[in-house]
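Only one structure is covered here, and it is reproduced in the block below.
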Amino acid sequence: MKRNLFLIVTALSLFAAKSYSQTENLFNGKDLSNWNFIVADESVSPEDVYSVQDGVILIQGNPFGYMYTKNKYSDYVLELEWSWVDGESNSGIFLAIAETSNPFPNGIECQLRAGSAGDFVMLGGSMLDEYVKPEGGGTTRFPVMQKREESSENPVGEWNNAKIEVKNGKITVTINGVLQNQGTNKVKEGYIGLQSEGGLIQFRNVKLTKM
């Protein structure tokens, strides 16, 4: 009996250790050493757009651009929190970035624009299988697949939670506990980015768990 109990406890401990090791803090709370940067205006230093203040990431929103992970990822759950600083504005979470180049790379954006958090924006020629073109509408530069529910965002000054699951190219987005969107991407691996567009935005608790 004691031997069986020992084996069970050991197995549970190994499972817990494995689960813990699969979770990665993409932001260490101190600096942005785990990230690279794109700024549309090359005369502006990335340090003037992306910084860390009081343990959170602060992105100015101007000029356009994004910060992105140094590694590519596939099959994961990404969780993070964001908050507007001066008022409602625009930003996004970039997923499955194949190649980093201009401010709008090939990839899927989980929209964070105030009132639209959870929309999918297809950047740089990317496409989701579920996207349906509007009747009578032509091809747009950035097709949008709108979220399912009314806005589930918190007011300015309060933190919001985004949970994004990416599994074999299928992207599932939950905003503050509300399932807002699902779509299937042909690109199954890529960088993850946080966008500069519009106004001041803060990010914290940026964690990735591999599946």
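Labels used: A, B, ... for chains in the order of the structure tokens, numbers from 1 for residues in each chain, and numbers from 1 for ligands as shown.
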
Shell around range 144-155 of chain A at 8 Å using only C-alpha atoms, local window under 3 positions removed, as a PDB file with C-alpha atoms, in the first residue's frame:
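Resulting contents of result09.pdb:
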ATOM      1  CA  ALA A 114     -11.803  49.436 -28.119  1.00  0.00           C
ATOM      2  CA  GLY A 115     -15.221  47.929 -28.737  1.00  0.00           C
ATOM      3  CA  SER A 116     -13.866  45.328 -31.177  1.00  0.00           C
ATOM      4  CA  ALA A 117     -11.626  43.134 -29.018  1.00  0.00           C
ATOM      5  CA  GLY A 118     -11.860  39.619 -30.406  1.00  0.00           C
ATOM      6  CA  ASP A 119     -12.286  40.482 -34.086  1.00  0.00           C
ATOM      7  CA  PHE A 120      -9.834  38.748 -36.433  1.00  0.00           C
ATOM      8  CA  VAL A 121      -7.932  40.918 -38.903  1.00  0.00           C
ATOM      9  CA  MET A 122      -6.142  39.103 -41.704  1.00  0.00           C
ATOM     10  CA  TYR A 131     -13.913  34.002 -43.611  1.00  0.00           C
ATOM     11  CA  GLU A 158      -9.302  48.464 -15.834  1.00  0.00           C
ATOM     12  CA  TRP A 159      -7.367  45.399 -16.910  1.00  0.00           C
ATOM     13  CA  ASN A 160      -8.724  43.032 -19.542  1.00  0.00           C
ATOM     14  CA  ILE A 175     -12.005  38.012 -23.929  1.00  0.00           C
ATOM     15  CA  ASN A 176     -12.695  38.385 -20.206  1.00  0.00           C
ATOM     16  CA  VAL A 178     -16.411  35.310 -23.175  1.00  0.00           C
ATOM     17  CA  LEU A 179     -15.747  33.190 -26.276  1.00  0.00           C
ATOM     18  CA  GLN A 180     -15.505  35.775 -29.039  1.00  0.00           C
ATOM     19  CA  ASN A 181     -14.008  34.128 -32.112  1.00  0.00           C
TER      20      ASN A 181
END

(request) Give the strand (DSSP E or B) residues of range 16-194 of chain A, as assigned by DSSP on the backbone, as a PyMOL selection string. (result) chain A and resi 23-25+35-39+50-53+56-59+65-69+73+76-84+92-97+107-111+120-123+128+144-145+160-167+170-175+178-185+190-194

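Residue nearest Gly29 in chain A within the list A:Ser74, A:Thr184, A:Gln60, A:Asn205: A:Asn205 [criterion: smallest interatomic distance, only C-alpha atoms].
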
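Take CA of Val206 in chain A and CA of Gly169 in chain A: the distance between them is 20.5 Å.
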
Neighbours of Val49 in chain A within 7 Å (only C-alpha atoms; same-chain residues fewer than 2 positions away dropped), as a compact mmCIF listing (two decimals) with C-alpha atoms, in the first residue's frame?
# COMPACT_ATOMS: atom_id res chain seq x y z
CA PRO A 46 12.28 51.34 -30.62
CA GLU A 47 13.09 52.31 -27.02
CA SER A 51 9.33 50.22 -22.76
CA ILE A 59 3.51 50.80 -25.95
CA GLN A 60 3.12 54.35 -27.23

(request) Please identify all polymer residues within 6 Å of Glu24 in chain A, counting only C-alpha atoms, omitting same-chain residues fewer than 2 positions from it, and present them as a ChimeraX atom specification. (result) /A:26,207-208

(request) Write down as a ChimeraX atom specification the residues belonging to range 2-211 of chain A that are assigned helix (DSSP H, G or I) by DSSP computed on the backbone. (result) /A:2-21,46-48

(request) Considering only C-alpha atoms, state which residue in the set A:Lys30, A:Asn161, A:Asn25, A:Ala40 is at the smallest distance from Asp54 in chain A. (result) A:Lys30

(message) Taking only C-alpha atoms into account, name the residue in A:Phe203, A:Asp129, A:Gly61, A:Leu194 that is nearest to Asn28 in chain A.
(response) A:Phe203
